[in-house]
Amino acid sequence: MTQENDMNDSVPKMVAMTEDDSEAPTAALVKAQGPPTELYTALANAHLAFKPIIKDREVEVTRSEAKGGGFAYSFKYATLPAILEAVREALGANGLFLVQRVVTPSGAKELYVETRLCHISGESIFNLTQMIQVDPGQVGYAKAQTYARRYGIQLLLCLAGEDDDDGVEPGQTVKALNLTPSSQPV
């Protein structure tokens with residue numbers, strides 16, 4: 001499964017796979033040799049025990065008039081340590097663990113972080129999240145790697161470590177819906 005934003009090259013490409021194949025092309029791809037049923041059962045149980053993800057970092061973004069805006073906004077997100085703190089115990093209690101590494105799939109020029117969820121049965125699933133280095137040098141590389149690691153884990157474990165502000169214009173706030181049991185959609 002691939003998620004891409006054609007309008008913004010800084011959005012990582014994500015590729016999810018269930019076969020042990022780190023040489024996969026960067027195009028949309030899902031491979032399976034039968035479902036990893038023990039892993040899926042363990043993951044379902046782990047989800048029940050995940051701790052709340054704490055958004056422990058706040059960022060202020062300012063856009064200048066010269067870049068077509070002249071606005072500022074802030075948002076909170078969960079750092080990589082906060083995400084790992086929320087899931088490690090539940091994963092381990094269910095025979096699951098995460099492994100991450102930097103890879104360059106066959107035919108690709110870009111670097112990706114492979115995030116693999118492994119089960120003690122030997123089953124595993126993984127995804128690839130493209131590393132997009134915006135800043136030069138080792139610091140830029142480390143930032144890109146941390147960003148890809150954070151999003152790879154969130155994608156693979158179906159987590160939300162930041163506010164969902166998709167479609168919200170700068171300057172608007174995201175409001176949560178308070179649904180009572182009688183008003184929830186069926």
# chains A, B, ... in the order shown; residues from 1 in each chain; ligands from 1
call {"tool": "residues_around", "arguments": {"residues": "region 71-83 of chain A", "least_positions_apart": "5", "cutoff": "8 Å", "atoms": "only C-alpha atoms", "output": "PDB file with N, CA and C atoms, in the first residue's frame"}}
result
ATOM      1  N   ILE A  53      -0.567   7.569  23.534  1.00  0.00           N
ATOM      2  CA  ILE A  53       0.631   8.212  22.997  1.00  0.00           C
ATOM      3  C   ILE A  53       0.630   9.665  23.454  1.00  0.00           C
ATOM      4  N   ILE A  54       1.705  10.051  24.120  1.00  0.00           N
ATOM      5  CA  ILE A  54       1.813  11.406  24.647  1.00  0.00           C
ATOM      6  C   ILE A  54       2.490  12.293  23.614  1.00  0.00           C
ATOM      7  N   LYS A  55       1.822  13.363  23.262  1.00  0.00           N
ATOM      8  CA  LYS A  55       2.388  14.339  22.331  1.00  0.00           C
ATOM      9  C   LYS A  55       3.310  15.249  23.148  1.00  0.00           C
ATOM     10  N   ASP A  56       4.579  14.921  23.115  1.00  0.00           N
ATOM     11  CA  ASP A  56       5.542  15.551  24.010  1.00  0.00           C
ATOM     12  C   ASP A  56       6.393  16.644  23.366  1.00  0.00           C
ATOM     13  N   ARG A  57       6.080  17.019  22.147  1.00  0.00           N
ATOM     14  CA  ARG A  57       6.842  18.062  21.467  1.00  0.00           C
ATOM     15  C   ARG A  57       5.874  19.017  20.787  1.00  0.00           C
ATOM     16  N   GLU A  58       6.168  20.323  20.885  1.00  0.00           N
ATOM     17  CA  GLU A  58       5.359  21.333  20.204  1.00  0.00           C
ATOM     18  C   GLU A  58       6.263  22.110  19.262  1.00  0.00           C
ATOM     19  N   VAL A  59       5.753  22.379  18.068  1.00  0.00           N
ATOM     20  CA  VAL A  59       6.509  23.077  17.043  1.00  0.00           C
ATOM     21  C   VAL A  59       5.715  24.299  16.588  1.00  0.00           C
ATOM     22  N   GLU A  60       6.405  25.395  16.407  1.00  0.00           N
ATOM     23  CA  GLU A  60       5.800  26.611  15.855  1.00  0.00           C
ATOM     24  C   GLU A  60       6.298  26.751  14.423  1.00  0.00           C
ATOM     25  N   VAL A  61       5.376  26.876  13.479  1.00  0.00           N
ATOM     26  CA  VAL A  61       5.713  27.027  12.071  1.00  0.00           C
ATOM     27  C   VAL A  61       5.311  28.427  11.639  1.00  0.00           C
ATOM     28  N   THR A  62       6.248  29.143  11.025  1.00  0.00           N
ATOM     29  CA  THR A  62       5.974  30.497  10.545  1.00  0.00           C
ATOM     30  C   THR A  62       6.265  30.542   9.057  1.00  0.00           C
ATOM     31  N   ARG A  63       5.356  31.097   8.319  1.00  0.00           N
ATOM     32  CA  ARG A  63       5.550  31.237   6.876  1.00  0.00           C
ATOM     33  C   ARG A  63       5.584  32.718   6.547  1.00  0.00           C
ATOM     34  N   SER A  64       6.608  33.137   5.849  1.00  0.00           N
ATOM     35  CA  SER A  64       6.778  34.549   5.547  1.00  0.00           C
ATOM     36  C   SER A  64       5.880  34.984   4.396  1.00  0.00           C
ATOM     37  N   GLU A  65       5.682  36.283   4.300  1.00  0.00           N
ATOM     38  CA  GLU A  65       4.907  36.861   3.185  1.00  0.00           C
ATOM     39  C   GLU A  65       5.537  36.483   1.849  1.00  0.00           C
ATOM     40  N   THR A 146      15.051   9.839  11.654  1.00  0.00           N
ATOM     41  CA  THR A 146      14.136   9.838  12.803  1.00  0.00           C
ATOM     42  C   THR A 146      12.700  10.040  12.351  1.00  0.00           C
ATOM     43  N   ARG A 149      11.523   6.860  10.735  1.00  0.00           N
ATOM     44  CA  ARG A 149      11.328   5.820  11.757  1.00  0.00           C
ATOM     45  C   ARG A 149      10.001   6.042  12.482  1.00  0.00           C
ATOM     46  N   ARG A 150       9.745   7.290  12.863  1.00  0.00           N
ATOM     47  CA  ARG A 150       8.516   7.618  13.595  1.00  0.00           C
ATOM     48  C   ARG A 150       7.279   7.284  12.760  1.00  0.00           C
ATOM     49  N   GLY A 161       0.140   9.756  16.181  1.00  0.00           N
ATOM     50  CA  GLY A 161       1.000  10.474  17.102  1.00  0.00           C
ATOM     51  C   GLY A 161       0.942  11.975  16.932  1.00  0.00           C
ATOM     52  N   GLU A 162       0.001  12.458  16.150  1.00  0.00           N
ATOM     53  CA  GLU A 162      -0.192  13.886  15.985  1.00  0.00           C
ATOM     54  C   GLU A 162      -1.649  14.157  15.657  1.00  0.00           C
ATOM     55  N   ASP A 163      -2.040  15.423  15.728  1.00  0.00           N
ATOM     56  CA  ASP A 163      -3.416  15.777  15.411  1.00  0.00           C
ATOM     57  C   ASP A 163      -3.665  15.570  13.929  1.00  0.00           C
ATOM     58  N   PRO A 170      -4.278  26.882   7.098  1.00  0.00           N
ATOM     59  CA  PRO A 170      -3.455  27.535   8.114  1.00  0.00           C
ATOM     60  C   PRO A 170      -4.278  28.586   8.863  1.00  0.00           C
ATOM     61  N   GLY A 171      -4.095  28.625  10.162  1.00  0.00           N
ATOM     62  CA  GLY A 171      -4.835  29.576  10.982  1.00  0.00           C
ATOM     63  C   GLY A 171      -6.120  29.008  11.556  1.00  0.00           C
TER      64      GLY A 171
END
call {"tool": "select_by_dssp", "arguments": {"residues": "region 30-144 of chain A", "states": "helix (DSSP H, G or I)", "output": "PyMOL selection string"}}
result
chain A and resi 37-49+65-67+80-93+137-144
call {"tool": "write_last_selection", "arguments": {"atoms": "C-alpha atoms", "output": "short mmCIF file (atom, residue, chain, number, x, y, z; two decimals), in the first residue's frame"}}
result
data_model
loop_
_atom_site.label_atom_id
_atom_site.label_comp_id
_atom_site.auth_asym_id
_atom_site.auth_seq_id
_atom_site.Cartn_x
_atom_site.Cartn_y
_atom_site.Cartn_z
CA THR A 37 -2.16 -15.21 11.41
CA GLU A 38 -0.16 -15.67 14.64
CA LEU A 39 1.34 -12.20 14.22
CA TYR A 40 -2.06 -10.64 13.50
CA THR A 41 -3.61 -12.28 16.58
CA ALA A 42 -0.73 -11.06 18.75
CA LEU A 43 -0.96 -7.56 17.25
CA ALA A 44 -4.70 -7.40 17.93
CA ASN A 45 -4.03 -8.32 21.58
CA ALA A 46 -1.16 -5.82 21.81
CA HIS A 47 -3.40 -3.03 20.50
CA LEU A 48 -5.66 -3.54 23.51
CA ALA A 49 -2.73 -2.86 25.83
CA GLU A 65 4.91 36.86 3.19
CA ALA A 66 7.59 36.16 0.56
CA LYS A 67 6.64 32.48 0.50
CA LEU A 80 10.01 8.58 18.58
CA PRO A 81 10.79 7.79 22.26
CA ALA A 82 7.19 8.64 23.25
CA ILE A 83 5.79 6.31 20.58
CA LEU A 84 8.11 3.48 21.58
CA GLU A 85 7.24 4.00 25.26
CA ALA A 86 3.55 3.60 24.40
CA VAL A 87 3.92 0.28 22.54
CA ARG A 88 7.03 -1.65 23.62
CA GLU A 89 5.61 -3.33 26.71
CA ALA A 90 2.41 -4.48 24.97
CA LEU A 91 4.33 -5.73 21.93
CA GLY A 92 6.79 -7.69 24.06
CA ALA A 93 4.05 -9.21 26.20
CA GLY A 137 25.00 16.92 6.34
CA GLN A 138 24.79 14.36 9.11
CA VAL A 139 22.27 16.36 11.14
CA GLY A 140 19.93 16.47 8.13
CA TYR A 141 20.42 12.73 7.60
CA ALA A 142 19.63 12.01 11.26
CA LYS A 143 16.49 14.18 11.13
CA ALA A 144 15.26 12.40 7.99
#
call {"tool": "closest_residue", "arguments": {"among": "A:Ile153, A:Leu159, A:Val134, A:Leu128", "to": "Tyr112 (chain A)", "atoms": "only C-alpha atoms"}}
result
A:Leu128
call {"tool": "decode", "arguments": {"residues": "region 65-118 of chain A", "atoms": "C-alpha atoms", "output": "PDB file, in the first residue's frame"}}
result
ATOM      1  CA  GLU A  65       4.907  36.861   3.185  1.00  0.00           C
ATOM      2  CA  ALA A  66       7.587  36.162   0.561  1.00  0.00           C
ATOM      3  CA  LYS A  67       6.641  32.478   0.501  1.00  0.00           C
ATOM      4  CA  GLY A  68       2.968  33.183  -0.137  1.00  0.00           C
ATOM      5  CA  GLY A  69       1.502  33.382   3.293  1.00  0.00           C
ATOM      6  CA  GLY A  70       2.449  35.403   6.281  1.00  0.00           C
ATOM      7  CA  PHE A  71       0.965  33.134   8.919  1.00  0.00           C
ATOM      8  CA  ALA A  72       2.063  31.057  11.873  1.00  0.00           C
ATOM      9  CA  TYR A  73       0.657  28.002  13.585  1.00  0.00           C
ATOM     10  CA  SER A  74       1.785  25.426  16.089  1.00  0.00           C
ATOM     11  CA  PHE A  75       1.110  21.752  16.586  1.00  0.00           C
ATOM     12  CA  LYS A  76       2.052  18.969  18.956  1.00  0.00           C
ATOM     13  CA  TYR A  77       3.351  15.551  18.027  1.00  0.00           C
ATOM     14  CA  ALA A  78       4.759  12.460  19.666  1.00  0.00           C
ATOM     15  CA  THR A  79       8.506  11.961  19.438  1.00  0.00           C
ATOM     16  CA  LEU A  80      10.015   8.579  18.580  1.00  0.00           C
ATOM     17  CA  PRO A  81      10.794   7.791  22.258  1.00  0.00           C
ATOM     18  CA  ALA A  82       7.188   8.641  23.250  1.00  0.00           C
ATOM     19  CA  ILE A  83       5.785   6.314  20.578  1.00  0.00           C
ATOM     20  CA  LEU A  84       8.109   3.479  21.580  1.00  0.00           C
ATOM     21  CA  GLU A  85       7.242   3.997  25.256  1.00  0.00           C
ATOM     22  CA  ALA A  86       3.547   3.601  24.404  1.00  0.00           C
ATOM     23  CA  VAL A  87       3.921   0.285  22.541  1.00  0.00           C
ATOM     24  CA  ARG A  88       7.031  -1.652  23.619  1.00  0.00           C
ATOM     25  CA  GLU A  89       5.613  -3.333  26.710  1.00  0.00           C
ATOM     26  CA  ALA A  90       2.412  -4.481  24.966  1.00  0.00           C
ATOM     27  CA  LEU A  91       4.331  -5.725  21.930  1.00  0.00           C
ATOM     28  CA  GLY A  92       6.795  -7.688  24.064  1.00  0.00           C
ATOM     29  CA  ALA A  93       4.045  -9.207  26.200  1.00  0.00           C
ATOM     30  CA  ASN A  94       2.525 -10.603  22.993  1.00  0.00           C
ATOM     31  CA  GLY A  95       5.722 -11.995  21.473  1.00  0.00           C
ATOM     32  CA  LEU A  96       6.207  -9.037  19.124  1.00  0.00           C
ATOM     33  CA  PHE A  97       9.138  -6.700  18.523  1.00  0.00           C
ATOM     34  CA  LEU A  98      10.136  -3.959  16.091  1.00  0.00           C
ATOM     35  CA  VAL A  99      13.308  -3.842  13.986  1.00  0.00           C
ATOM     36  CA  GLN A 100      14.286  -0.862  11.829  1.00  0.00           C
ATOM     37  CA  ARG A 101      17.073  -0.361   9.323  1.00  0.00           C
ATOM     38  CA  VAL A 102      17.962   1.910   6.419  1.00  0.00           C
ATOM     39  CA  VAL A 103      17.685   0.236   3.001  1.00  0.00           C
ATOM     40  CA  THR A 104      17.890   1.123  -0.671  1.00  0.00           C
ATOM     41  CA  PRO A 105      15.448  -1.135  -2.547  1.00  0.00           C
ATOM     42  CA  SER A 106      16.558  -2.556  -5.885  1.00  0.00           C
ATOM     43  CA  GLY A 107      16.190   0.040  -8.623  1.00  0.00           C
ATOM     44  CA  ALA A 108      15.695   2.916  -6.173  1.00  0.00           C
ATOM     45  CA  LYS A 109      17.948   5.917  -5.676  1.00  0.00           C
ATOM     46  CA  GLU A 110      16.302   6.976  -2.417  1.00  0.00           C
ATOM     47  CA  LEU A 111      16.953   5.722   1.082  1.00  0.00           C
ATOM     48  CA  TYR A 112      14.102   4.142   3.033  1.00  0.00           C
ATOM     49  CA  VAL A 113      13.626   3.081   6.621  1.00  0.00           C
ATOM     50  CA  GLU A 114      12.351  -0.482   6.767  1.00  0.00           C
ATOM     51  CA  THR A 115      10.148  -0.982   9.825  1.00  0.00           C
ATOM     52  CA  ARG A 116       9.563  -4.653  10.524  1.00  0.00           C
ATOM     53  CA  LEU A 117       7.157  -6.083  13.103  1.00  0.00           C
ATOM     54  CA  CYS A 118       8.352  -9.572  14.046  1.00  0.00           C
TER      55      CYS A 118
END
